[in-house]
Structure formats: structure tokens, C-alpha cells
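Let me begin by presenting the structure, written as C-alpha cells, before commenting on it.
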Amino acid sequence: MPINCSPSRPLALDDVERWDAETDVLIVGFGIAGACAAIEARNTGARVDVFEVAAAAGGSAALSGGEFYLGGSGGTPAQRAAGFDDATEDFFKYLMMAGGPGADEARVRCYADNAVAHFHWLVEQGIPFKGTYLPGKWLEPLTDDTLIWSGSEAAWPFAQQAKPAPRGHAAQLPGWGAGKLIMEKLIARALDLGATAHFNTRVLALVADRHDAVHGIVARIDGELRTVRARKGVILCAGGFICNDDMVRTYAPQALGCPNPTTGGNDDGSGIRMGISVGAAAIHMDQFFATRPFFPPESLVKGIFINEAGQRFINEDAYHGRVTHYMLRQPNGRAWLLVDEEIFARPVTNPNIDIAATGDTWLEVEHELGLPKGELTHTVESYNRHAAAGADPIWHKAKAFLRPLAKAPFAALSFCAQDYPATFFTLGGLWTSTDGQVLTPAGEAIPGLFAAGRTACGLPRWGEGYSSGMSLGDSSFFGRQAGRRAALTG
Ligand SMILES: Cc1cc2nc3c(=O)[nH]c(=O)nc-3n(C[C@H](O)[C@H](O)[C@H](O)COP(=O)(O)OP(=O)(O)OC[C@H]3O[C@@H](n4cnc5c(N)ncnc54)[C@H](O)[C@@H]3O)c2cc1C
């Protein structure tokens with residue numbers, strides 16, 4: 001049996017003495033991208049085998065909030081019922097802004113045009129959505145409601161360029177963590193349709209010919225190395241690289257300041273490395289989602305963040321992930337949220353947050369934090385003066401969140417790196433076409449190889465622009481695209 005291969009080194013086709021098994025479409029990883037790819041490939045009539053290193057399907061998606069970012073086409077049923085007429089062009093513009101400098105226009109167009117149809121597809125797979133709207137600022141609904149504002153839609157600079165609408169759609173499950181429910185439904189559907197799952201099976205390497213066309217994989221099955229041929233294609237759906245310290249250090253060192261990974265432990269970048277091993281381009285590898293949630297409660301959005309120079313650095317009504325990226329960039333990773341008595345609270349996700357300073361005057365708080373004399377007090381004085389007039393000329397926070405921080409006592413909640421670790425997952429991955437073909441740096445498709453989910457660089461590719469629901473939305477939608485395309489390969 002071959003041993004001279006790894007995720008970074010394909011097994012040469014010439015070295016395969018015999019195939020131990022064969023299928024049409026071979027999927028690596030049974031998370032959300034893998035499940036959706038399997039469903040569509042089966043619907044297209046292909047034989048499908050899914051190889052999963054864990055003892056069960058689900059991946060990070062099963063640990064997630066179960067929230068999808070969807071809109072456009074005049075709105076999903078939940079958006080319409082709540083009175084939001086979400087035009088495709090506004091959805092498109094928001095997604096382009098959210099994609100940042102490297103936004104992929106073709107991918108954004110494809111998603112914006114088809115997201116409402118995708119919502120109906122998710123419902124057809126058995127995922128329940130109650131269809132109700134929960135106003136306010138939430139990380140995920142704590143109720144079983146569907147629709148929330150889950151990004152920076154209503155905040156500067158997004159709201160000025162694309163008409164805002166709430167687009168986070170959570171599956172119907174009271175409390176956080178509906179990811180388990182969505183994965184139960186998608187896994188059951190894939191298996192009911194006849195996809196074959198192989199658990200406790202780590203895919204170790206691709207099998208490729210001398211032109212880098214992919215013909216199959218090498219996997220460890222029941223402790224033995226086996227070769228499996230894929231007649232139509234291999235789809236890499238093995239998640240990102242959050243669990244691989246070397247890759248994080250190499251590609252996304254800024255995320256090293258976020259020592260609190262959010263996934264189940266198998267997102268070790270093996271899918272991305274397998275793609276690179278046959279000549280694929282990996283793009284936006286430095287980008288990641290990160291968060292130190294500071295709401296709910298929503299009252300805290302009325303506070304102001306300052307850095308160690310005593311200066312504001314963001315409009316606090318932006319998405320918590322965007323605010324966190326700005327925090328990570330502050331000198332020495334130090335940031336505090338200033339609040340007065342009227343809005344004082346502890347974030348629901350961090351009830352033991354460190355209260356770094358308190359005082360009956362802002363001067364006392366400034367002194368206790370050890371900041372340069374006069375800087376914090378100047379920042380608060382300027383903010384309060386403009387807030388009293390309903391304006392924020394510096395950072396453009398929306399009027400609804402503006403009020404002077406004037407009621408003593410005052411406090412500074414610590415969002416410094418050492419006090420409040422951020423959680424994160426990676427956004428960079430293999431460059432793919434909108435139908436999931438893995439591309440070389442020259443933009444040529446690698447025959448026989450597809451990718452989706454966080455193994456690919458998808459719709460979300462800029463940490464500062466991420467909105468909750470974009471990863472599950474992207475992974476499920478483009479997982480389907482890849483499954484269909486692979487199954488239709490001749
Ligand atoms: C706590 C938490 C909350 C989140 N909430 C949301 C949310 O509400 N909305 C949202 O959009 N995103 C959310 N995310 C992010 C989202 O869950 C992931 O980005 C998404 O699941 C990625 O899907 P995937 O299919 O690429 O990877 P995964 O779902 O992680 O699936 C990858 C699978 O591949 C398997 N695998 C890896 N390597 C191999 C190998 N070599 N051989 C065989 N199998 C392998 C893994 O075991 C895993 O099962 C959240 C994440 C977490 C952890």
C-alpha cells in the first residue's frame with residue numbers, strides 16, 4: 001500500500017497498483033458543504049461516497065448558530081412578512097461591500113440572484129423556519145424566531161450605499177445553536193437519497209496524474225490505507241484551517257491574537273493543502289472572522305470604544321465581528337468600552353467581563369486606565385457634545401444609539417486581548433469558479449477537483465465585512481453548485 005503521500009503530496013496515478021473502491025462523486029468531509037454537495041450530486045443521479053474523519057457527520061456546522069444570510073428578489077417570506085422589500089440590487093451591493101477589496105463579483109451575483117430560491121430549497125430539505133422577525137441587535141435569536149439584523153446593514157458606511165434589510169435567518173430552535181438541527185436534516189436527506197457515508201475515515205491525499213488531473217484519494221479506512229477512484233470528481237469540503245497552528249501562523253498571523261478556536265477540532269487545513277498539492281491557488285488566506293461579542297444587551301451599543309490613546313476607532317453599531325477586527329488592530333490589542341450608569345451591563349456572552357476602571361468622573365476613569373492625560377476626557381466630551389445634538393460626525397454611529405455618556409458612575413469594560421479572548425474561524429481557501437471547480441493561479445480548472453465551504457474561499461472573504469449567516473449560506477449554496485457540477489462531469 002502507498003505511504004509516500006500526504007495532504008501536501010499527491011499519490012501519483014502511476015503508483016496506484018489497484019483501486020480498492022470506486023464511486024462517481026467522492027466528497028471529503030460531511031459538514032454542511034459536504035452534505036449539500038452530496039444531496040445535489042445524488043439528485044443528479046451520480047453515485048456518491050462521503051468520507052468523514054469524525055465518528056459522525058456535522059462538522060463545525062453542527063456546533064453553529066444555524067443562521068443563514070439570505071435576501072434579495074424582493075425578500076424571503078420572513079423578510080416580506082416583516083415588511084422588508086429586499087431588492088436584489090441592495091443585497092448585491094451589500095455583499096460586494098462585505099466582500100471587501102477582493103469581492104468576487106460573479107460569485108456575489110450568483111448568490112444575490114438565487115438566495116431566495118436557496119431559502120426554499122433549505123425548507124424543502126426539512127429545515128424549519130418559524131418565519132417571524134426579532135427586532136434589535138442580537139448575535140443569534142435567543143428565541144425560536146427567524147429573522148434578525150445579523151451584520152452591518154444599518155451601520156455606516158454600508159447603510160449609505162445599500163438600502164438596509166435584516167438578512168440573518170435562523171432555523172427554528174429555541175435558544176442558541178440551531179446548527180445541530182440543520183445538520184440533522186441535511187445529513188438525513190443526503191443519506192435518504194442514497195449517499196454512502198464512511199466515518200472514522202481520514203482522507204490523506206489526492207491521487208493525481210502527471211498533469212495534476214485528480215482521479216481519486218488515499219484514505220485511512222479501518223486502520224488501512226486504501227485508494228478510492230472518483231470517476232467524476234473529488235469535492236473537498238473539509239472546512240478551513242483554524243485548528244492548524246502552523247497554517248494560522250503562516251497565513252493569518254493576526255488571528256494568533258484570538259486563542260479561542262470555535263470548531264470541533266478537525267478543521268486542520270487538510271482540504272486546502274490537498275488542493276495546493278495539485279497546483280490550486282489559495283486566496284485571501286490572511287482573512288478570518290473574529291468576535292468578542294459586546295451585545296446583547298443592545299444598550300451597550302450606546303457606549304463608546306476607545307484605545308490606549310483614549311481615541312475612538314469605530315462606529316459601535318457595526319457588526320460585532322467588524323468591531324472586533326478594529327479592536328485587534330489597536331496598539332497593543334488594548335480596547336475598552338466606556339459606559340455610564342444608564343447603559344451599564346455585562347455582555348450576555350461574557351458575564352464575568354473585567355471592569356477595568358470606574359469613577360464618578362471620566363477623569364477618574366482615565367486616570368485608573370493609565371491613559372495620557374486629557375485624551376479620554378476629550379474624546380468623551382466631544383462625543384457627548386455631538387450626541388446631544390443627535391450626531392456623530394467622527395464615526396457616524398446611527399442616531400438611535402447616540403446619547404451622551406453623562407450619568408455617573410462611569411465604567412470601562414475591558415476588551416483587551418489578555419482579558420477577553422476572541423473566537424475566530426478562517427475565510428481564506430482554494431480559488432474556485434462559481435460552480436465549484438478548483439482553479440490554478442492562471443484561472444484554469446483542475447480536472448476532477450472541486451471544493452466548497454471553508455476549504456474554498458467563498459462569498460465571505462474579508463473579516464471586516466463578515467455578517468452572521470454568510471458562512472452557512474455560502475457553504476450550503478456553493479456546496480450544492482459543486483455537487484451538481486461534479487455529478488454532471490462526463
Ligand atoms: C460556535 C459556532 C457558531 C457558528 N455560527 C454560525 C452561524 O450561525 N452562521 C454561519 O454562517 N456560520 C456560523 N459558523 C461558521 C460555520 O459553522 C462554518 O464556517 C461552516 O460550518 C463551514 O462549513 P464546512 O462544510 O466548510 O465545514 P465543516 O462544517 O466544519 O465540515 C468539515 C468536515 O470535514 C471533516 N474533515 C476535515 N478534514 C478531513 C479529512 N482530511 N478527511 C475527512 N474528513 C475531514 C471535518 O471533520 C468536518 O466534519 C459558526 C461556527 C461555530 C464553530
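Each chain in the C-alpha cells gets a letter, A, B, ..., in the order shown, and its residues are numbered from 1; ligands are numbered from 1 in order too.
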
Would you list the residues that come within 6 Å of ligand 1? Count only C-alpha atoms and all ligand atoms and give the answer as number ranges by chain. A: 28-34, 51-54, 57-61, 63-68, 201-204, 237-239, 262-263, 266-267, 270, 453-455, 468-473, 475

List the neighbours of Leu13 (chain A) out to 10 Å using only C-alpha atoms; skip same-chain residues closer than 4 positions along the sequence, and give me the result as a PDB file with N, CA, C and O atoms, in the first residue's frame.
```
ATOM      1  N   GLU A  17      -1.511   0.634  -7.746  1.00  0.00           N
ATOM      2  CA  GLU A  17      -1.487  -0.722  -8.327  1.00  0.00           C
ATOM      3  C   GLU A  17      -2.887  -1.186  -8.650  1.00  0.00           C
ATOM      4  O   GLU A  17      -3.154  -1.807  -9.669  1.00  0.00           O
ATOM      5  N   ARG A  18      -3.820  -0.865  -7.750  1.00  0.00           N
ATOM      6  CA  ARG A  18      -5.231  -1.186  -7.991  1.00  0.00           C
ATOM      7  C   ARG A  18      -6.065  -0.247  -7.130  1.00  0.00           C
ATOM      8  O   ARG A  18      -5.606   0.236  -6.090  1.00  0.00           O
ATOM      9  N   LEU A 206      -4.654  13.295  -2.298  1.00  0.00           N
ATOM     10  CA  LEU A 206      -5.303  13.094  -3.600  1.00  0.00           C
ATOM     11  C   LEU A 206      -4.469  12.128  -4.424  1.00  0.00           C
ATOM     12  O   LEU A 206      -3.262  11.952  -4.176  1.00  0.00           O
ATOM     13  N   VAL A 207      -5.099  11.519  -5.398  1.00  0.00           N
ATOM     14  CA  VAL A 207      -4.371  10.751  -6.421  1.00  0.00           C
ATOM     15  C   VAL A 207      -4.455  11.566  -7.704  1.00  0.00           C
ATOM     16  O   VAL A 207      -5.561  11.918  -8.151  1.00  0.00           O
ATOM     17  N   ALA A 208      -3.303  11.901  -8.275  1.00  0.00           N
ATOM     18  CA  ALA A 208      -3.293  12.777  -9.456  1.00  0.00           C
ATOM     19  C   ALA A 208      -2.347  12.234 -10.516  1.00  0.00           C
ATOM     20  O   ALA A 208      -1.361  11.553 -10.197  1.00  0.00           O
ATOM     21  N   ASP A 209      -2.654  12.526 -11.773  1.00  0.00           N
ATOM     22  CA  ASP A 209      -1.748  12.117 -12.849  1.00  0.00           C
ATOM     23  C   ASP A 209      -0.662  13.175 -13.032  1.00  0.00           C
ATOM     24  O   ASP A 209      -0.638  14.186 -12.328  1.00  0.00           O
ATOM     25  N   ARG A 210       0.191  12.965 -14.035  1.00  0.00           N
ATOM     26  CA  ARG A 210       1.338  13.883 -14.147  1.00  0.00           C
ATOM     27  C   ARG A 210       0.928  15.269 -14.632  1.00  0.00           C
ATOM     28  O   ARG A 210       1.701  16.206 -14.591  1.00  0.00           O
ATOM     29  N   ASP A 212      -1.596  16.771 -13.142  1.00  0.00           N
ATOM     30  CA  ASP A 212      -2.314  17.237 -11.952  1.00  0.00           C
ATOM     31  C   ASP A 212      -3.823  17.044 -12.027  1.00  0.00           C
ATOM     32  O   ASP A 212      -4.559  17.607 -11.217  1.00  0.00           O
ATOM     33  N   ALA A 213      -4.311  16.286 -13.018  1.00  0.00           N
ATOM     34  CA  ALA A 213      -5.739  15.949 -13.004  1.00  0.00           C
ATOM     35  C   ALA A 213      -5.970  14.956 -11.856  1.00  0.00           C
ATOM     36  O   ALA A 213      -5.145  14.068 -11.606  1.00  0.00           O
ATOM     37  N   VAL A 214      -7.098  15.124 -11.172  1.00  0.00           N
ATOM     38  CA  VAL A 214      -7.366  14.321  -9.972  1.00  0.00           C
ATOM     39  C   VAL A 214      -8.243  13.126 -10.321  1.00  0.00           C
ATOM     40  O   VAL A 214      -9.256  13.254 -11.012  1.00  0.00           O
ATOM     41  N   HIS A 215      -7.841  11.940  -9.814  1.00  0.00           N
ATOM     42  CA  HIS A 215      -8.561  10.706 -10.139  1.00  0.00           C
ATOM     43  C   HIS A 215      -9.142  10.015  -8.913  1.00  0.00           C
ATOM     44  O   HIS A 215      -9.925   9.083  -9.062  1.00  0.00           O
ATOM     45  N   GLY A 216      -8.735  10.436  -7.731  1.00  0.00           N
ATOM     46  CA  GLY A 216      -9.253   9.771  -6.538  1.00  0.00           C
ATOM     47  C   GLY A 216      -8.519  10.240  -5.306  1.00  0.00           C
ATOM     48  O   GLY A 216      -7.879  11.299  -5.303  1.00  0.00           O
TER      49      GLY A 216
END
```

DSSP-assigned alpha helix (DSSP H) among region 237-418 of chain A, expressed as a PyMOL selection string: chain A and resi 245-251+270-277+320-328+362-369+375-388

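Excluding Phe450 (chain A) itself and same-chain residues fewer than 5 positions from it, the residues having an atom within 8 Å of it are Gly233, Val234, Ile235, Leu236, Thr432, Gly436, Gln437, Val438, Ala482 and Ala486 of chain A, counting only C-alpha atoms.
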
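Of the listed residues (A:Ala165, A:Leu338, A:Met274, A:Ala37), A:Ala165 comes nearest to Thr76 (chain A); the distances count only C-alpha atoms.
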
Contacts of Val48 (chain A) within 7 Å, only C-alpha atoms, excl. fewer than 3 positions in-chain, as a ChimeraX atom specification: /A:23-26,38,41-42,195-196

Restricted to N, CA and C atoms, what would the selected residues look like written as a JSON list (two decimals), in the first residue's frame?
```json
[["chain", "number", "residue", "atom", "x", "y", "z"],
["A", 23, "THR", "N", -16.22, 5.17, -7.03],
["A", 23, "THR", "CA", -17.50, 5.87, -6.96],
["A", 23, "THR", "C", -17.54, 6.89, -8.08],
["A", 24, "ASP", "N", -18.65, 7.64, -8.18],
["A", 24, "ASP", "CA", -18.70, 8.73, -9.16],
["A", 24, "ASP", "C", -18.17, 10.02, -8.53],
["A", 25, "VAL", "N", -18.88, 10.47, -7.49],
["A", 25, "VAL", "CA", -18.51, 11.72, -6.82],
["A", 25, "VAL", "C", -18.05, 11.38, -5.41],
["A", 26, "LEU", "N", -16.83, 11.78, -5.09],
["A", 26, "LEU", "CA", -16.24, 11.46, -3.79],
["A", 26, "LEU", "C", -16.11, 12.76, -3.00],
["A", 38, "ALA", "N", -23.52, 16.47, -1.49],
["A", 38, "ALA", "CA", -23.99, 15.08, -1.62],
["A", 38, "ALA", "C", -25.45, 15.04, -2.09],
["A", 41, "ALA", "N", -25.56, 16.08, -5.80],
["A", 41, "ALA", "CA", -24.95, 15.07, -6.68],
["A", 41, "ALA", "C", -25.85, 13.85, -6.79],
["A", 42, "ARG", "N", -26.48, 13.46, -5.69],
["A", 42, "ARG", "CA", -27.43, 12.33, -5.74],
["A", 42, "ARG", "C", -28.66, 12.70, -6.58],
["A", 195, "ALA", "N", -26.69, 8.61, -0.59],
["A", 195, "ALA", "CA", -25.24, 8.84, -0.44],
["A", 195, "ALA", "C", -24.71, 7.85, 0.61],
["A", 196, "THR", "N", -23.50, 7.33, 0.37],
["A", 196, "THR", "CA", -22.90, 6.39, 1.33],
["A", 196, "THR", "C", -21.88, 7.15, 2.18]]
```

Residues flagged strand (DSSP E or B) by DSSP in region 105-266 of chain A, as a PyMOL selection string: chain A and resi 133-137+147-149+168-170+196-198+202-208+214-221+224-236+260-261

Distance query Ala159 (chain A) at most 12 Å, only C-alpha atoms, self and fewer than 4 positions along chain excluded, as JSON, numbers by chain: {"A": [90, 91, 93, 94, 97, 98, 151, 152, 153, 154, 155, 163, 164, 165, 166, 317, 318, 396, 397, 398]}

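Proximity of A:Gly240, A:Pro174, A:Gly83, A:Pro101 to Asp268 (chain A), computed with only C-alpha atoms, is greatest for A:Gly240.
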
Here is a test: counting only C-alpha atoms, which residue of A:Val339, A:Ile221, A:Val108, A:Ile314 is nearest to Lys407 (chain A)? A:Val339

Applying 10 Å and only C-alpha atoms, which residues near Trp336 (chain A) remain after dropping the ones on its own chain fewer than 6 positions away? List them as a ChimeraX atom specification. /A:303-308,310,312,327,354-357,369,411-416

Using only C-alpha atoms, which protein or nucleic acid residues come within 9 Å of Leu300 (chain A)? Drop anything in the same chain fewer than 5 positions from it, and give the result as a PyMOL selection string. chain A and resi 294-295+316+337-339+343-347
